[in-house]
Amino acid sequence: MSAEALTRRPQRQPRRARFRWLTYLLLVLAAAFFLLPLYLVLVTSLKVPAEINLATTWQLPTHWNWGSYATAWQAFAPKLRNSLVLAVVATAVSALMGSMNGYILSKWRFPGANVVFPLMLFGMFIPYQSILIPLFQFLRNIGLYGSIWGLILTHVVYGLPITTLIFRNFYAEIPDEMVEAARIDGADFFGIYSRIIFPLSISGFVVVVIWQFTQIWNEFLFAVTLTRQSSQPITVALAQLAGGEAVNWNLPMAGAVLAALPTLIIYVVLGRYFIRGLLAGSVKG
Amino acid sequence: MKLTRDRLIAIVMLLPSVVLLAIFVYGFIGRTFYVSMTDWGQDPAQALALKPELHWVGLKNYLDLFTNFIETRFRQDLVNTFFFTILFLAGCLGLGLGLAVLLDRDVKGEGLFRTIFLYPFALAFIVTGTIWRWMLQPQGGVNMLPTLVGLPKLQFRWLTARTQVLQFDWNHLPFALGLVVAAVLALLAWRAFRRGGGLAGSVFGLAASLTFLWAFTLGRNAQPLPYPERHGFNLAFIGIIIAAVWQMSGYTMALYLAGLRGIPEELREAARVDGASEWQLYRHVILPLLGPITLSAMIILGHISLKIFDLVFAMAGPDHPATDVPALLMYLRSFRANQFAQGAAIAVVLLIMVAAVIIPYLYSSLRGEVRR
């Protein structure tokens with residue numbers, strides 16, 4: 001499955017027009033279901049707290065109040081920076097390692113590879129609760145508990161299965177003959193990687209980077225158990241802000257928008273690659 | 001295959017990842033198994049020690065979870081996960097397939113609709129949960145929607161609902177589970193016989209009869225608890241299921257749409273030439289071809305739903321018994337109450353449930369790959 005499979009449209013005969021209106025009616029209703037929460041978030045975040053009233057929830061604000069965003073930005077800027085550092089570093093490292101692994105597993109078949117690979121893959125499906133206590137203890141013992149670096153290490157390691165999987169399936173499409181030809185020309189292991197594989201990997205990297213960045217930015221379980229106040233990513237800060245009782249809802253809503261924007265922008269701008277990543281997440285190439 | 005210098009380099013380059021995963025996945029899982037059979041957390045002085053002194057207690061923590069009256073919350077959590085998974089899967093598959101079929105009918109603005117249906121998937125579960133917590137406030141949001149078209153507002157209390165339906169007694173579970181397992185085995189036996197696998201069929205058939213026998217004798221009389229304990233579906237989950245379907249049905253749609261686009265147009269034309277109506281075309285040609293995708297989607301969504309954590313955390317808070325799930329209880333036990341051994345036992349139960357879904361899936365998809 002690839003993203004092209006999703007967008008490629010075979011030439012078709014124009015279909016009978018019966019029930020056309022019903023198709024569109026259902027699609028518009030579904031679109032409303034998906035968009036209503038977004039609308040509610042935006043109008044709530046733009047109201048002054050006094051105007052947020054359950055009875056008038058769905059109405060547009062009478063005064064447009066951008067103050068919530070300023071307040072939320074002030075409260076969240078350090079957390080957003082934590083998330084950014086975390087997501088960028090962990091994504092870069094796990095993508096590079098995944099690319100190397102994918103290259104080795106697809107082009108340098110060695111005995112035992114078809115045992116090692118499934119064992120690696122299993123790591124991306126486990127409930128992380130099942131490794132959380134030893135991980136917590138391990139990070140405390142090596143002095144990384146509570147720091148952003150402990151969280152980065154965690155995301156690099158548990159990101160390896162999916163990055164390896166995507167690159168392995170991606171490199172399987174590169175003909176073995178190309179690798180063979182380069183080898184006859186005298187290229188060694190690294191020569192083949194830097195001259196053949198890596199230059200052909202750009203779109204593979206885009207898919208992996210988008211996928212990993214989104215996953216790591218959005219992750220919560222590791223973030224809430226392995227960080228302290230100063231190293232918290234945005235998801236933890238948002239959960240704390242919204243979880244308190246008697247909240248002014250304009251603030252969590254503005255915070256939710258800030259937390260969602262980076263991944264939403266990626267999705268809207270690079271949607272094609274995003275879809276390819278999520279289809280790759282289902283193991284089969 | 002001779003061991004050239006390059007092949008050696010390849011193995012060395014793969015080694016760091018293999019070692020890291022061996023430790024962080026398998027080593028840590030092994031450690032969690034061990035911790036779950038100790039008393040870690042019982043002695044507060046040891047709870048947060050860097051090198052805690054642990055005492056072996058065997059399966060005690062597991063027996064407590066399933067048969068001790070103080071752990072009734074865990075058993076309700078399992079029941080919650082069961083109902084959540086069924087309804088979440090039904091919602092995602094139904095809506096996802098419906099949207100994919102609609103979009104496959106040459107609609108104008110398909111790209112726009114696709115973007116709208118899929119954007120929630122790019123959001124964090126925490127963001128979705130925050131949004132839907134606001135949507136489901138008892139006096140506003142969704143409950144006020146009918147007033148926009150002049151209808152009376154809804155009165156449902158969503159996340160704070162207290163009603164439980166479809167109740168059953170925990171003591172009936174061994175019997176019911178026995179019947180289900182026996183039925184599945186009987187089905188496997190029937191399939192094996194139909195494919196001409198006499199030996200496999202006999203083995204499955206024998207296992208099915210033995211399980212039936214067990215269910216009606218020992219299973220029927222098994223009494224995990226000395227008194228009846230009612231569990232059922234908490235209606236407070238309905239809102240969480242809606243939010244989860246809102247987030248994940250676009251993903252399901254994308255899977256189905258990729259499948260629909262992969263069906264050659266000639267096949268549809270052939271069916272139409274044979275006089276099949278649109279309905280018959282879908283019922284007899286297209287849906288059967290989407291079977292494998294449905295199975296993959298069920299497994300991916302199913303393992304997400306068994307692990308669901310952030311969404312419930314954000315919508316109802318971590319410590320809200322009516323909407324609790326094992327993943328949350330594990331977090332509370334381990335990281336709020338420092339009862340690490342109990343937390344580890346819950347984590348192992350969770351891992352076994354997920355593994356039961358994922359291992360057959362990995363096995364069959366990778367085996368298919370080798371054959372191809």
# chains A, B, ... in the order shown; residues from 1 in each chain; ligands from 1

$ residues_around --residues "Leu135 (chain A)" --least-positions-apart "4" --cutoff "8 Å" --atoms "only C-alpha atoms" --output "JSON, numbers by chain"
{"A": [131, 139], "B": [24, 28]}

$ residues_around --residues "Ser296 (chain B)" --least-positions-apart "4" --cutoff "9 Å" --atoms "only C-alpha atoms" --output "PyMOL selection string"
(chain A and resi 282) or (chain B and resi 291-292+300-301+361)

$ write_last_selection --atoms "C-alpha atoms" --output "mmCIF file, in the first residue's frame"
data_model
loop_
_atom_site.group_PDB
_atom_site.id
_atom_site.type_symbol
_atom_site.label_atom_id
_atom_site.label_comp_id
_atom_site.auth_asym_id
_atom_site.auth_seq_id
_atom_site.Cartn_x
_atom_site.Cartn_y
_atom_site.Cartn_z
ATOM 1 C CA SER A 282 0.444 -1.597 9.488
ATOM 2 C CA GLY B 291 -11.547 -8.685 4.353
ATOM 3 C CA PRO B 292 -7.773 -8.662 4.939
ATOM 4 C CA ILE B 300 -4.152 -2.164 14.922
ATOM 5 C CA LEU B 301 -7.224 -0.510 16.482
ATOM 6 C CA TYR B 361 -0.600 -10.816 13.313
#

$ residues_around --residues "Met37 (chain B)" --least-positions-apart "2" --cutoff "10 Å" --atoms "only C-alpha atoms" --output "JSON, numbers by chain"
{"B": [32, 33, 34, 35, 39, 40, 54, 55, 56, 57, 58, 59, 60, 61, 62, 341, 342, 344, 345]}

$ write_last_selection --atoms "C-alpha atoms" --output "PDB file, in the first residue's frame"
ATOM      1  CA  THR B  32       8.684  -6.524  34.979  1.00  0.00           C
ATOM      2  CA  PHE B  33       7.695 -10.216  35.171  1.00  0.00           C
ATOM      3  CA  TYR B  34      10.094 -10.651  38.053  1.00  0.00           C
ATOM      4  CA  VAL B  35       8.944  -7.496  39.852  1.00  0.00           C
ATOM      5  CA  ASP B  39       6.441  -7.509  47.322  1.00  0.00           C
ATOM      6  CA  TRP B  40       7.952  -4.250  45.988  1.00  0.00           C
ATOM      7  CA  LEU B  54      12.596  -7.366  47.032  1.00  0.00           C
ATOM      8  CA  HIS B  55      11.004 -10.498  48.406  1.00  0.00           C
ATOM      9  CA  TRP B  56       9.633 -13.248  46.229  1.00  0.00           C
ATOM     10  CA  VAL B  57       5.876 -13.810  46.638  1.00  0.00           C
ATOM     11  CA  GLY B  58       5.150 -15.954  43.589  1.00  0.00           C
ATOM     12  CA  LEU B  59       1.781 -15.481  41.919  1.00  0.00           C
ATOM     13  CA  LYS B  60       0.180 -13.700  44.878  1.00  0.00           C
ATOM     14  CA  ASN B  61      -0.245 -10.365  43.078  1.00  0.00           C
ATOM     15  CA  TYR B  62      -2.006 -12.082  40.179  1.00  0.00           C
ATOM     16  CA  ALA B 341       4.787  -4.999  42.300  1.00  0.00           C
ATOM     17  CA  GLN B 342       1.014  -4.583  41.882  1.00  0.00           C
ATOM     18  CA  ALA B 344       3.923  -4.673  37.347  1.00  0.00           C
ATOM     19  CA  ALA B 345       1.323  -7.452  37.652  1.00  0.00           C
TER      20      ALA B 345
END

$ closest_residue --among "A:Leu279, A:Val206, A:Leu241, A:Val257" --to "Gly317 (chain B)" --atoms "only C-alpha atoms"
A:Leu241

$ decode --residues "region 16-37 of chain B" --atoms "N, CA and C atoms" --output "CSV table (one decimal), in the first residue's frame"
chain,number,residue,atom,x,y,z
B,16,PRO,N,24.2,-2.2,17.6
B,16,PRO,CA,23.7,-1.2,18.6
B,16,PRO,C,22.1,-1.3,18.8
B,17,SER,N,21.4,-1.3,17.6
B,17,SER,CA,20.0,-1.3,17.7
B,17,SER,C,19.5,-2.6,18.3
B,18,VAL,N,20.1,-3.7,17.9
B,18,VAL,CA,19.7,-5.0,18.4
B,18,VAL,C,19.9,-5.1,19.9
B,19,VAL,N,21.0,-4.6,20.4
B,19,VAL,CA,21.4,-4.7,21.8
B,19,VAL,C,20.4,-3.8,22.6
B,20,LEU,N,20.2,-2.5,22.1
B,20,LEU,CA,19.3,-1.6,22.8
B,20,LEU,C,17.9,-2.2,22.9
B,21,LEU,N,17.4,-2.8,21.8
B,21,LEU,CA,16.0,-3.3,21.9
B,21,LEU,C,16.0,-4.6,22.7
B,22,ALA,N,17.1,-5.4,22.7
B,22,ALA,CA,17.1,-6.6,23.5
B,22,ALA,C,17.0,-6.2,25.0
B,23,ILE,N,17.7,-5.1,25.4
B,23,ILE,CA,17.7,-4.7,26.8
B,23,ILE,C,16.3,-4.0,27.1
B,24,PHE,N,16.0,-3.0,26.3
B,24,PHE,CA,14.9,-2.1,26.6
B,24,PHE,C,13.5,-2.8,26.4
B,25,VAL,N,13.5,-3.8,25.5
B,25,VAL,CA,12.2,-4.5,25.3
B,25,VAL,C,12.2,-5.8,26.1
B,26,TYR,N,13.1,-6.7,25.8
B,26,TYR,CA,13.0,-8.0,26.4
B,26,TYR,C,13.6,-8.1,27.8
B,27,GLY,N,14.7,-7.4,28.0
B,27,GLY,CA,15.3,-7.3,29.3
B,27,GLY,C,14.3,-6.7,30.3
B,28,PHE,N,13.7,-5.6,29.9
B,28,PHE,CA,12.8,-4.9,30.8
B,28,PHE,C,11.5,-5.6,31.0
B,29,ILE,N,11.0,-6.3,30.0
B,29,ILE,CA,9.8,-7.1,30.2
B,29,ILE,C,10.1,-8.2,31.2
B,30,GLY,N,11.2,-8.9,31.0
B,30,GLY,CA,11.6,-9.9,32.0
B,30,GLY,C,11.7,-9.4,33.4
B,31,ARG,N,12.3,-8.2,33.5
B,31,ARG,CA,12.4,-7.6,34.8
B,31,ARG,C,11.0,-7.3,35.4
B,32,THR,N,10.0,-6.8,34.5
B,32,THR,CA,8.7,-6.5,35.0
B,32,THR,C,8.0,-7.8,35.5
B,33,PHE,N,8.2,-8.9,34.7
B,33,PHE,CA,7.7,-10.2,35.2
B,33,PHE,C,8.2,-10.5,36.6
B,34,TYR,N,9.5,-10.3,36.7
B,34,TYR,CA,10.1,-10.7,38.1
B,34,TYR,C,9.5,-9.7,39.1
B,35,VAL,N,9.5,-8.4,38.9
B,35,VAL,CA,8.9,-7.5,39.9
B,35,VAL,C,7.5,-7.9,40.2
B,36,SER,N,6.7,-8.3,39.2
B,36,SER,CA,5.3,-8.6,39.5
B,36,SER,C,5.2,-9.8,40.5
B,37,MET,N,6.3,-10.5,40.7
B,37,MET,CA,6.2,-11.7,41.6
B,37,MET,C,6.9,-11.4,42.9
